[in-house]
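Below: model_18.txt (compact mmCIF, C-alpha atoms and all ligand atoms)
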# COMPACT_ATOMS: atom_id res chain seq x y z
CA MET A 1 7.57 -6.96 -25.14
CA SER A 2 6.18 -4.52 -27.68
CA THR A 3 5.03 -0.99 -26.94
CA LEU A 4 1.33 -0.84 -26.04
CA SER A 5 -1.15 1.74 -27.24
CA TRP A 6 -1.97 4.37 -24.65
CA GLU A 7 -5.63 3.22 -24.35
CA ARG A 8 -4.60 -0.41 -23.94
CA ALA A 9 -1.99 0.44 -21.29
CA ARG A 10 -4.50 2.49 -19.33
CA ALA A 11 -7.16 -0.23 -19.54
CA LEU A 12 -4.66 -2.87 -18.43
CA ALA A 13 -3.69 -0.77 -15.40
CA ALA A 14 -7.38 -0.30 -14.51
CA ALA A 15 -7.92 -4.05 -14.81
CA HIS A 16 -5.14 -4.61 -12.26
CA ALA A 17 -6.63 -2.29 -9.63
CA ARG A 18 -6.95 -4.45 -6.49
CA PRO A 19 -8.69 -2.87 -3.53
CA PRO A 20 -7.15 -4.07 -0.24
CA ALA A 21 -9.17 -6.42 1.99
CA PRO A 22 -11.74 -4.73 4.27
CA ALA A 23 -10.41 -3.59 7.64
CA ASP A 24 -11.72 -1.93 10.82
CA LEU A 25 -9.99 1.45 11.00
CA PRO A 26 -10.30 4.44 13.33
CA LEU A 27 -12.49 7.29 12.08
CA ALA A 28 -9.42 9.50 11.65
CA GLU A 29 -8.06 7.11 8.99
CA VAL A 30 -11.09 6.38 6.82
CA TYR A 31 -11.83 9.66 5.06
CA GLY A 32 -12.27 8.90 1.34
CA CYS A 33 -12.50 5.11 1.78
CA ARG A 34 -15.61 3.13 0.89
CA LEU A 35 -17.76 1.47 3.56
CA ALA A 36 -17.30 -2.31 3.44
CA GLU A 37 -20.61 -2.88 5.23
CA PRO A 38 -23.78 -0.89 5.89
CA LEU A 39 -23.56 1.79 8.58
CA ARG A 40 -25.97 1.25 11.48
CA ALA A 41 -27.10 3.49 14.27
CA LEU A 42 -25.60 2.13 17.52
CA VAL A 43 -27.66 4.71 19.40
CA PRO A 44 -30.82 6.65 18.55
CA VAL A 45 -30.62 10.36 17.69
CA PRO A 46 -31.54 12.08 19.84
CA GLY A 47 -30.61 9.65 22.58
CA ALA A 48 -33.49 10.80 24.81
CA ASP A 49 -36.47 13.18 24.69
CA VAL A 50 -34.66 16.51 24.73
CA SER A 51 -35.44 20.19 24.47
CA ALA A 52 -35.06 21.77 21.02
CA MET A 53 -34.93 25.28 22.50
CA ASP A 54 -33.49 27.24 25.39
CA GLY A 55 -36.48 28.11 27.61
CA TYR A 56 -38.82 26.38 30.02
CA ALA A 57 -40.15 22.82 30.11
CA VAL A 58 -43.73 23.04 31.36
CA ARG A 59 -46.62 20.80 32.36
CA GLY A 60 -50.30 21.66 32.77
CA GLN A 61 -51.82 25.13 32.54
CA PRO A 62 -50.04 28.47 33.08
CA PRO A 63 -48.88 30.11 35.18
CA TRP A 64 -46.20 27.54 35.99
CA ARG A 65 -44.13 27.59 39.17
CA LEU A 66 -40.40 27.51 38.41
CA VAL A 67 -38.99 24.53 40.32
CA GLY A 68 -35.47 24.09 38.92
CA ARG A 69 -33.03 24.23 36.05
CA VAL A 70 -31.58 21.54 33.76
CA LEU A 71 -28.57 21.98 31.47
CA ALA A 72 -27.31 19.74 28.63
CA GLY A 73 -24.77 17.35 30.16
CA GLY A 74 -25.94 18.25 33.70
CA ALA A 75 -28.11 16.24 36.08
CA ALA A 76 -31.56 15.47 34.70
CA TYR A 77 -34.61 16.83 36.48
CA PRO A 78 -36.70 13.73 37.23
CA SER A 79 -40.31 14.78 36.64
CA LEU A 80 -42.70 17.69 36.52
CA ALA A 81 -46.07 17.90 38.24
CA GLY A 82 -48.97 19.87 36.73
CA GLY A 83 -48.38 23.63 37.00
CA GLU A 84 -44.60 23.29 37.25
CA ALA A 85 -41.78 24.46 34.98
CA VAL A 86 -38.01 24.02 34.85
CA GLU A 87 -35.61 26.25 33.02
CA ILE A 88 -33.99 24.09 30.33
CA ALA A 89 -31.15 24.29 27.80
CA THR A 90 -31.28 23.08 24.20
CA GLY A 91 -30.29 19.41 24.11
CA ALA A 92 -31.00 18.76 27.82
CA PRO A 93 -33.37 15.85 28.57
CA VAL A 94 -36.88 17.06 29.38
CA PRO A 95 -38.25 15.94 32.76
CA GLU A 96 -40.86 13.19 32.65
CA GLY A 97 -44.33 14.61 32.18
CA THR A 98 -43.16 17.65 30.17
CA ALA A 99 -45.92 18.75 27.83
CA ALA A 100 -44.01 21.40 25.89
CA VAL A 101 -41.01 23.69 25.90
CA LEU A 102 -41.63 27.41 25.92
CA PRO A 103 -38.69 29.32 24.37
CA TYR A 104 -37.38 32.32 26.36
CA GLU A 105 -38.59 34.62 23.59
CA ALA A 106 -42.21 33.50 24.13
CA ALA A 107 -42.06 33.36 27.92
CA ASP A 108 -43.07 35.91 30.50
CA ALA A 109 -40.99 34.96 33.55
CA ASP A 110 -40.06 36.72 36.82
CA GLY A 111 -37.70 34.12 38.35
CA HIS A 112 -40.49 32.38 40.30
CA TRP A 113 -43.36 32.08 37.85
CA VAL A 114 -43.57 31.58 34.09
CA LYS A 115 -46.43 32.36 31.72
CA GLY A 116 -46.84 32.04 27.97
CA PRO A 117 -48.45 30.15 25.10
CA ALA A 118 -47.28 26.51 25.30
CA GLU A 119 -48.53 24.24 22.55
CA SER A 120 -48.58 20.55 23.52
CA GLY A 121 -45.51 18.68 22.19
CA ARG A 122 -43.79 21.86 20.86
CA HIS A 123 -40.01 22.11 20.89
CA ILE A 124 -39.41 18.60 22.20
CA ARG A 125 -37.23 16.30 20.09
CA ARG A 126 -38.31 12.74 20.82
CA ARG A 127 -35.79 9.91 21.34
CA GLY A 128 -34.89 8.38 17.97
CA GLU A 129 -36.93 10.95 16.07
CA ASP A 130 -34.03 11.90 13.75
CA ILE A 131 -32.44 8.45 13.52
CA PRO A 132 -34.01 5.39 15.17
CA GLU A 133 -31.69 3.00 17.01
CA HIS A 134 -30.38 0.14 14.80
CA ALA A 135 -31.45 1.96 11.60
CA VAL A 136 -29.28 1.24 8.56
CA VAL A 137 -28.37 4.75 7.48
CA LEU A 138 -25.89 4.13 4.65
CA GLY A 139 -25.21 1.21 2.36
CA ALA A 140 -21.96 -0.67 1.76
CA GLY A 141 -19.90 1.06 -0.92
CA THR A 142 -20.70 4.60 0.26
CA VAL A 143 -17.66 6.88 0.11
CA VAL A 144 -16.70 8.21 3.54
CA THR A 145 -17.09 11.98 3.21
CA PRO A 146 -16.76 14.53 6.04
CA SER A 147 -20.54 14.26 6.59
CA VAL A 148 -20.32 10.46 6.79
CA LEU A 149 -17.58 10.80 9.42
CA GLY A 150 -19.71 13.16 11.51
CA LEU A 151 -22.76 10.93 11.11
CA ALA A 152 -20.83 7.81 12.13
CA ALA A 153 -19.37 9.52 15.19
CA GLY A 154 -22.83 10.79 16.19
CA LEU A 155 -24.11 7.24 15.97
CA GLY A 156 -21.46 6.00 18.40
CA HIS A 157 -18.83 4.57 16.05
CA ASP A 158 -15.10 4.85 16.85
CA ARG A 159 -14.01 2.66 13.95
CA LEU A 160 -15.56 1.76 10.59
CA ARG A 161 -15.20 -1.32 8.46
CA VAL A 162 -13.97 0.03 5.14
CA VAL A 163 -12.11 -0.93 2.02
CA PRO A 164 -8.78 0.79 2.82
CA LYS A 165 -7.06 2.93 0.23
CA PRO A 166 -4.16 1.10 -1.41
CA ALA A 167 -0.85 2.02 0.27
CA VAL A 168 1.61 3.56 -2.16
CA SER A 169 5.39 3.75 -1.68
CA VAL A 170 7.42 6.03 -3.87
CA LEU A 171 11.09 5.45 -4.71
CA VAL A 172 12.81 8.45 -6.30
CA THR A 173 16.04 7.41 -8.03
CA GLY A 174 18.91 9.38 -9.48
CA ASP A 175 22.39 10.44 -8.35
CA GLU A 176 21.79 13.84 -9.92
CA VAL A 177 18.54 14.47 -8.04
CA VAL A 178 18.55 16.82 -5.03
CA PHE A 179 15.65 17.26 -2.64
CA ALA A 180 16.03 20.79 -1.31
CA GLY A 181 17.47 24.13 -2.29
CA LEU A 182 19.03 25.16 -5.58
CA PRO A 183 20.39 22.37 -7.77
CA GLY A 184 24.07 22.95 -8.49
CA PRO A 185 25.77 22.24 -11.82
CA GLY A 186 24.88 18.80 -13.16
CA ARG A 187 22.11 18.43 -10.57
CA VAL A 188 18.35 18.61 -10.88
CA ARG A 189 15.81 19.33 -8.18
CA ASP A 190 13.31 16.49 -7.57
CA ALA A 191 10.07 17.58 -9.23
CA ILE A 192 8.29 14.21 -9.09
CA GLY A 193 8.38 13.38 -5.36
CA PRO A 194 6.49 16.57 -4.45
CA MET A 195 3.91 15.95 -7.21
CA LEU A 196 2.99 12.44 -6.16
CA PRO A 197 1.38 12.75 -2.68
CA GLY A 198 -1.48 14.91 -3.98
CA LEU A 199 -1.82 12.81 -7.10
CA VAL A 200 -1.90 9.56 -5.11
CA GLU A 201 -4.55 10.88 -2.68
CA TRP A 202 -6.67 12.22 -5.54
CA ALA A 203 -6.48 8.91 -7.36
CA GLY A 204 -7.71 7.01 -4.29
CA GLY A 205 -4.44 5.84 -2.72
CA ARG A 206 -2.63 6.56 0.54
CA LEU A 207 0.99 7.63 0.45
CA ALA A 208 2.94 5.26 2.69
CA GLY A 209 6.32 6.94 2.18
CA VAL A 210 8.84 8.48 -0.18
CA VAL A 211 12.33 6.91 -0.33
CA ARG A 212 15.28 8.61 -2.04
CA LEU A 213 17.70 6.32 -3.80
CA PRO A 214 21.03 6.71 -5.56
CA ASP A 215 21.37 5.10 -8.98
CA GLY A 216 22.35 1.45 -8.74
CA GLU A 217 20.75 -1.94 -9.20
CA ARG A 218 21.53 -3.07 -5.67
CA ALA A 219 20.04 -0.01 -3.97
CA LEU A 220 16.87 -0.36 -6.04
CA ARG A 221 16.63 -4.12 -5.46
CA GLU A 222 17.04 -3.74 -1.70
CA ALA A 223 14.60 -0.86 -1.51
CA LEU A 224 11.99 -2.83 -3.46
CA ALA A 225 12.45 -5.89 -1.24
CA GLY A 226 11.79 -3.72 1.82
CA GLN A 227 8.42 -2.43 0.62
CA ASP A 228 5.15 -3.82 1.87
CA ALA A 229 2.92 -1.32 0.08
CA ASP A 230 0.16 -2.38 -2.31
CA VAL A 231 1.65 -0.25 -5.06
CA VAL A 232 5.28 0.80 -5.50
CA VAL A 233 6.15 3.73 -7.76
CA VAL A 234 9.69 4.02 -9.09
CA CYS A 235 10.62 7.43 -10.54
CA GLY A 236 13.46 7.51 -13.08
CA ALA A 237 15.44 4.44 -14.16
CA SER A 238 12.69 3.41 -16.59
CA SER A 239 14.59 4.04 -19.84
CA LYS A 240 17.55 2.17 -21.30
CA GLY A 241 20.55 4.18 -20.10
CA PRO A 242 23.50 2.91 -18.08
CA ALA A 243 21.86 4.07 -14.83
CA ASP A 244 18.39 2.69 -15.65
CA HIS A 245 18.26 -0.48 -13.55
CA LEU A 246 14.54 -1.04 -13.19
CA ARG A 247 14.27 -3.72 -15.87
CA ALA A 248 17.14 -5.73 -14.38
CA VAL A 249 15.51 -5.60 -10.95
CA LEU A 250 12.21 -6.81 -12.41
CA ARG A 251 13.65 -10.09 -13.68
CA ASP A 252 11.45 -12.09 -11.26
CA ALA A 253 8.40 -9.91 -11.75
CA GLU A 254 5.59 -10.23 -14.25
CA VAL A 255 6.06 -7.24 -16.54
CA LEU A 256 2.67 -6.27 -17.98
CA VAL A 257 3.61 -3.04 -19.74
CA ASP A 258 7.06 -2.06 -20.96
CA GLY A 259 6.74 1.08 -23.03
CA VAL A 260 3.59 2.90 -24.08
CA ALA A 261 2.95 4.69 -27.36
CA VAL A 262 2.46 8.06 -25.72
CA ARG A 263 4.37 11.35 -25.73
CA PRO A 264 5.65 12.35 -23.37
CA GLY A 265 6.10 9.35 -21.13
CA HIS A 266 6.78 6.39 -23.38
CA PRO A 267 9.37 4.67 -21.11
CA GLN A 268 6.83 3.52 -18.50
CA ILE A 269 6.51 0.13 -16.87
CA LEU A 270 3.74 -1.79 -15.13
CA ALA A 271 4.67 -4.99 -13.32
CA ARG A 272 3.38 -7.39 -10.69
CA LEU A 273 6.11 -8.13 -8.15
CA ALA A 274 6.66 -11.60 -6.71
CA SER A 275 5.06 -10.28 -3.48
CA GLY A 276 1.84 -9.57 -5.38
CA ALA A 277 2.31 -5.79 -5.11
CA MET A 278 2.00 -3.77 -8.31
CA LEU A 279 4.82 -1.56 -9.56
CA ALA A 280 4.51 1.50 -11.77
CA GLY A 281 7.78 2.74 -13.28
CA LEU A 282 7.62 6.42 -14.26
CA PRO A 283 10.16 8.19 -16.47
CA GLY A 284 12.49 10.73 -14.92
CA ASN A 285 11.41 13.71 -17.03
CA PRO A 286 8.77 15.35 -14.81
CA PHE A 287 6.02 15.99 -17.38
CA ALA A 288 6.65 12.52 -18.82
CA ALA A 289 6.28 11.19 -15.25
CA LEU A 290 2.94 12.98 -14.90
CA GLY A 291 1.70 11.56 -18.22
CA ALA A 292 2.80 8.07 -17.17
CA ALA A 293 1.21 8.46 -13.72
CA LEU A 294 -2.10 9.42 -15.35
CA THR A 295 -1.82 6.44 -17.69
CA LEU A 296 -0.79 3.68 -15.26
CA LEU A 297 -0.86 4.81 -11.62
CA VAL A 298 -4.19 6.63 -11.48
CA PRO A 299 -6.24 3.74 -12.97
CA LEU A 300 -4.25 1.28 -10.83
CA LEU A 301 -5.44 3.15 -7.74
CA GLY A 302 -9.03 2.75 -8.89
CA ARG A 303 -9.95 6.25 -10.04
CA PRO A 304 -12.36 5.88 -12.97
CA TYR A 305 -11.86 8.06 -16.01
CA ARG A 306 -14.65 10.44 -16.84
CA GLY A 307 -14.48 10.11 -20.60
CA GLU A 308 -14.95 13.86 -21.16
CA THR A 309 -14.37 14.83 -24.78
CA SER A 310 -13.84 18.19 -26.38
CA ALA A 311 -12.95 19.84 -29.65
CA LEU A 312 -9.43 21.22 -29.80
CA ALA A 313 -9.24 24.95 -30.38
CA GLY A 314 -5.65 25.65 -31.26
CA PRO A 315 -2.75 24.22 -33.20
CA VAL A 316 -1.83 20.65 -32.25
CA ARG A 317 0.71 18.48 -34.01
CA ALA A 318 -0.45 14.85 -33.87
CA HIS A 319 2.19 12.11 -33.76
CA PRO A 320 2.02 9.42 -36.48
CA ARG A 321 2.22 6.46 -34.04
CA ASP A 322 1.84 7.79 -30.50
CA THR A 323 -0.92 9.45 -28.50
CA ARG A 324 0.16 12.95 -27.58
CA LEU A 325 -0.76 14.38 -24.17
CA VAL A 326 -1.30 18.11 -24.57
CA PRO A 327 -1.92 20.47 -21.63
CA VAL A 328 -5.11 22.47 -22.31
CA ARG A 329 -7.60 24.84 -20.73
CA ARG A 330 -11.31 24.63 -21.45
CA ALA A 331 -12.85 27.47 -23.44
CA GLU A 332 -16.17 27.99 -25.21
CA LYS A 333 -14.75 27.08 -28.60
CA GLY A 334 -12.98 23.97 -27.26
CA ALA A 335 -9.82 22.95 -25.38
CA VAL A 336 -7.01 25.44 -25.94
CA PRO A 337 -3.39 24.20 -25.71
CA VAL A 338 -1.42 26.22 -23.17
CA GLY A 339 2.02 25.34 -24.59
CA HIS A 340 5.13 24.78 -22.44
CA ASP A 341 4.71 21.04 -22.86
CA ARG A 342 8.29 19.75 -23.08
CA PRO A 343 8.82 16.42 -21.26
CA GLY A 344 11.28 17.95 -18.80
CA SER A 345 8.98 20.73 -17.59
CA LEU A 346 5.73 20.85 -15.66
CA TRP A 347 5.05 24.45 -16.68
CA GLY A 348 2.30 23.56 -19.19
CA ALA A 349 0.70 21.05 -16.83
CA ALA A 350 0.69 23.64 -14.04
CA LEU A 351 -1.12 26.11 -16.31
CA ALA A 352 -3.55 23.49 -17.62
CA GLU A 353 -6.95 22.20 -16.48
CA ALA A 354 -6.65 18.90 -18.33
CA LEU A 355 -4.49 16.94 -20.75
CA ALA A 356 -5.96 16.38 -24.20
CA ALA A 357 -5.19 12.85 -25.40
CA VAL A 358 -4.58 13.41 -29.11
CA PRO A 359 -4.68 10.03 -30.90
CA PRO A 360 -1.97 8.94 -33.36
CA GLY A 361 -2.53 10.49 -36.78
CA TRP A 362 -5.38 12.67 -35.48
CA CYS A 363 -6.57 15.22 -38.01
CA GLY A 364 -9.60 16.80 -36.35
CA GLY A 365 -12.65 15.88 -34.25
CA PRO A 366 -13.19 15.67 -30.50
CA VAL A 367 -10.49 14.20 -28.25
CA GLU A 368 -10.57 12.88 -24.69
CA LEU A 369 -9.68 15.28 -21.90
CA ILE A 370 -7.88 13.63 -19.00
CA GLU A 371 -8.54 15.19 -15.62
CA LEU A 372 -5.58 16.67 -13.78
CA PRO A 373 -5.40 16.49 -9.99
N1 LIG A 401 18.22 5.52 -25.71
C1 LIG A 401 17.12 6.03 -25.21
N2 LIG A 401 17.21 7.04 -24.32
C2 LIG A 401 16.10 7.59 -23.83
C3 LIG A 401 14.86 7.15 -24.24
C4 LIG A 401 14.79 6.07 -25.14
O1 LIG A 401 13.71 5.60 -25.53
N3 LIG A 401 15.94 5.54 -25.59
N4 LIG A 401 13.74 7.77 -23.77
C5 LIG A 401 13.88 9.14 -23.29
C6 LIG A 401 12.72 9.56 -22.62
S1 LIG A 401 11.41 9.89 -23.60
C7 LIG A 401 12.66 9.74 -21.28
S2 LIG A 401 11.26 10.37 -20.55
C8 LIG A 401 13.77 9.43 -20.42
C9 LIG A 401 13.34 8.56 -19.24
O2 LIG A 401 14.46 8.27 -18.54
P1 LIG A 401 14.48 7.53 -17.14
O3 LIG A 401 13.13 7.21 -16.68
O4 LIG A 401 15.44 6.44 -17.24
O5 LIG A 401 14.99 8.67 -16.17
P2 LIG A 401 16.41 9.25 -16.01
O6 LIG A 401 17.28 8.85 -17.17
O7 LIG A 401 16.87 9.01 -14.68
O8 LIG A 401 16.09 10.80 -16.15
C10 LIG A 401 15.62 11.41 -17.31
C11 LIG A 401 15.66 12.92 -17.10
O9 LIG A 401 14.83 13.30 -16.01
C12 LIG A 401 15.58 13.91 -14.96
N5 LIG A 401 15.03 13.44 -13.68
C13 LIG A 401 15.14 12.20 -13.19
N6 LIG A 401 14.50 12.13 -12.01
C14 LIG A 401 13.99 13.35 -11.77
C15 LIG A 401 13.22 13.90 -10.72
N7 LIG A 401 12.83 13.16 -9.66
N8 LIG A 401 12.85 15.19 -10.79
C16 LIG A 401 13.23 15.97 -11.87
N9 LIG A 401 13.94 15.47 -12.90
C17 LIG A 401 14.33 14.20 -12.85
C18 LIG A 401 16.98 13.45 -15.18
O10 LIG A 401 17.92 14.30 -14.61
C19 LIG A 401 17.05 13.39 -16.71
O11 LIG A 401 17.24 14.68 -17.22
O12 LIG A 401 14.77 8.75 -21.10
C20 LIG A 401 15.10 9.32 -22.40
N10 LIG A 401 16.22 8.62 -22.92
O1 LIG A 402 8.51 10.79 -23.68
MO1 LIG A 402 9.90 11.15 -22.67
O2 LIG A 402 8.85 10.38 -21.78
O3 LIG A 402 9.88 12.40 -23.76
O4 LIG A 402 10.00 12.56 -21.83

As structure tokens, the full file:
Amino acid sequence: MSTLSWERARALAAAHARPPAPADLPLAEVYGCRLAEPLRALVPVPGADVSAMDGYAVRGQPPWRLVGRVLAGGAAYPSLAGGEAVEIATGAPVPEGTAAVLPYEAADADGHWVKGPAESGRHIRRRGEDIPEHAVVLGAGTVVTPSVLGLAAGLGHDRLRVVPKPAVSVLVTGDEVVFAGLPGPGRVRDAIGPMLPGLVEWAGGRLAGVVRLPDGERALREALAGQDADVVVVCGASSKGPADHLRAVLRDAEVLVDGVAVRPGHPQILARLASGAMLAGLPGNPFAALGAALTLLVPLLGRPYRGETSALAGPVRAHPRDTRLVPVRRAEKGAVPVGHDRPGSLWGAALAEALAAVPPGWCGGPVELIELP
């Protein structure tokens, strides 16, 4: 299979984004998902005629005789006769017959009698006045934001029918990779595993787990067979060295991308496994892994690209055949390269706001800026 252009590889990954089937999930698990059906009000808001102020519910003409007290969540006071008042808390149901609520600030009260200017209907929130029962409040496809979660809970929902985020499993390979502390001689600290959870969430996925693997075809094959995620990410093992076993393990898979004309990150792989799950193989060099993740994994998880373009303000060496991903910061005169962009180091990416995608042979003009998580 020949090396694909960076644009083609990215478009192919986007075309293989497969949102999981809709599911009913608890509110605590649906933040960031899309609603699979319209959201309806199971109850009206407010649920009854309630007081909008702390004060006195009154009926008839002042002075009113104080006959009781009603708190939100406490026992309701059944009904008021003309000339009566009850002390009432915000949110408590008003007794039947209440004409108005007189806030404490406007009331002249001595513990037995209440006087003050009560305007008919004032400070009473009527049942269903904010949201009528059965109202459709949001359409299918709405992204579940914190406000949507609060709204849904207020309307009586414990679960929502949503399009779940694709589950992503990460396999980090390499005998030389260590996962804590200082790497000793011949060792390297894992810099990709810690980068992926945030990137996966940002792209629209849900991290299902990170598995650490030694080099070896068998270990990789067994680990892959044990995954039931929608998307599996394999870090390292994507090149052609003696310890790079990913290709051998993908013999039964449909390999869609094997190598992309991009620097860094050219040894990247996209495949559909026999199980139907998608696999993204990222190179072991950390900045190359980030470039590959932005090319294949992010579109695969459904995050659309914004298509922002910018002039480049600073020296950039285009590659004759490959797209070059250059860490940049935005400035008035254009995107300024921040340097420190070797494939083995995330320094430049950590300083940057975006990656400029500099096309092969580029010799001026605006370039696309790829968002960084
Ligand atoms: N003969 C060829 N050799 C290489 C090619 C090539 O085209 N032909 N491409 C080079 C490029 S470019 C890259 S990038 C790497 C990709 O290699 P792999 O994906 O097989 O990864 P490894 O060989 O395991 O590791 C490469 C490099 O990255 C370090 N590494 C690995 N995992 C991690 C990790 N989780 N965190 C931090 N660093 C990691 C590893 O120690 C190596 O230094 O292949 C080139 N070779
Ligand atoms: O392109 Mo490799 O992907 O240089 O590090």

9 Å shell around ligand LIG 401 (chain A) using all atoms listed in the file, listed as a PyMOL selection string: chain A and resi 172-179+186-194+215+234-246+259+263-268+281-289+343-345

Point (-33.4, 25.2, 22.7), cut-off 7 Å, counting all atoms listed in the file, residues as an MDAnalysis selection string: chainID A and resid 51:55 89:91 103

So for ligand LIG 402 (chain A), what box centre and size do we get, axis-aligned, 3 Å extra on each of the six sides, every listed atom, Å to one decimal, as lines of an AutoDock Vina configuration file?
center_x = 9.3
center_y = 11.5
center_z = -22.8
size_x = 7.5
size_y = 8.2
size_z = 8.0

Residue nearest ligand LIG 402 (chain A) - candidates A:Arg212, A:Arg330, A:Arg126, A:Arg324, atoms counted: all atoms listed in the file: A:Arg324

Coordinates-based distance that separates atom CA of Val168 of chain A from atom CA of Gly209 of chain A (Å, one decimal): 7.2 Å

Separation of atom CA of Pro44 of chain A from atom CA of Ala100 of chain A in Å: 21.1 Å

Residue neighbourhood Pro63 of chain A, 10 Å, all atoms listed in the file, exclusion window fewer than 5 positions, as a PyMOL selection string: chain A and resi 58+83-85+108-109+113-116

Near-Glu37 of chain A list (12 Å; only C-alpha atoms; drop same-chain fewer than 6 positions) as a list of chain:residue names: A:Pro22, A:Ala23, A:Asp24, A:Val136, A:Val137, A:Leu138, A:Gly139, A:Ala140, A:Gly141, A:Thr142, A:Val143, A:Val144, A:Leu160, A:Arg161, A:Val162, A:Val163

Exercise: residues within 10 Å of coordinate (-1.2, 20.2, -18.1), counting only C-alpha atoms, as a list in words: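 Protein, DNA and RNA residues close to (-1.2, 20.2, -18.1): Phe287, Leu290, Gly291, Leu325, Val326, Pro327, Val328, Arg329, Pro337, Val338, Gly339, His340, Asp341, Leu346, Trp347, Gly348, Ala349, Ala350, Leu351, Ala352, Glu353, Ala354, Leu355, Ala356, Ile370, Glu371, Leu372 and Pro373 of chain A.
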
Straight-line distance linking atom CA of Gly32 of chain A with atom CA of Ala167 of chain A, stated in Å to one decimal: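 Between atom CA of Gly32 of chain A and atom CA of Ala167 of chain A the gap is 13.4 Å.
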
Nearest-residue call for Gly307 of chain A, choices A:Glu7, A:Ala118, A:Arg247, A:His319, using all atoms listed in the file: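 When distances to Gly307 of chain A are compared using all atoms listed in the file, the smallest one comes from A:Glu7.
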
Residue among A:Pro132, A:Gly204, A:Pro197, A:Gly121 lying closest to Leu42 of chain A, counting all atoms listed in the file: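 When distances to Leu42 of chain A are compared using all atoms listed in the file, the smallest one comes from A:Pro132.
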
Residues within 7 Å of segment 14-19 of chain A, only C-alpha atoms, excluding chain neighbours under 3 positions, as a ChimeraX atom specification: /A:10-11,163,166,299-302

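Using all atoms listed in the file for every distance, the candidate list A:Gly68, A:Arg342, A:Trp362, A:Val200 yields A:Arg342 as the residue closest to ligand LIG 402 (chain A).
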
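With all atoms listed in the file as the basis for measurement, A:Val170 is the residue among A:Thr145, A:Val170, A:Trp6, A:Val336 that approaches Met195 of chain A most closely.
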
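Closest approach to Pro359 of chain A from the set A:Val50, A:Ala57, A:Glu133, A:Ser5 is made by A:Ser5, with distances taken over all atoms listed in the file.
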
Contacts of Arg69 of chain A at 6 Å (all atoms listed in the file; same-chain gap of 2+ positions) as a list in words: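 Within the cut-off, the hits are Val86, Glu87 and Ile88 of chain A.
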
Export, as a PDB file, in the frame of the given file, the selected residues with C-alpha atoms.
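Resulting contents of part.pdb:
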ATOM      1  CA  VAL A  86     -38.010  24.020  34.850  1.00  0.00           C
ATOM      2  CA  GLU A  87     -35.610  26.250  33.020  1.00  0.00           C
ATOM      3  CA  ILE A  88     -33.990  24.090  30.330  1.00  0.00           C
TER       4      ILE A  88
END

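The neighbours of Glu332 of chain A here are the residues that come within 12 Å of it, using all atoms listed in the file and leaving out any residue fewer than 3 positions away in the same chain; they are Ser310, Ala311, Leu312, Ala313, Arg329, Ala335 and Val336 of chain A.
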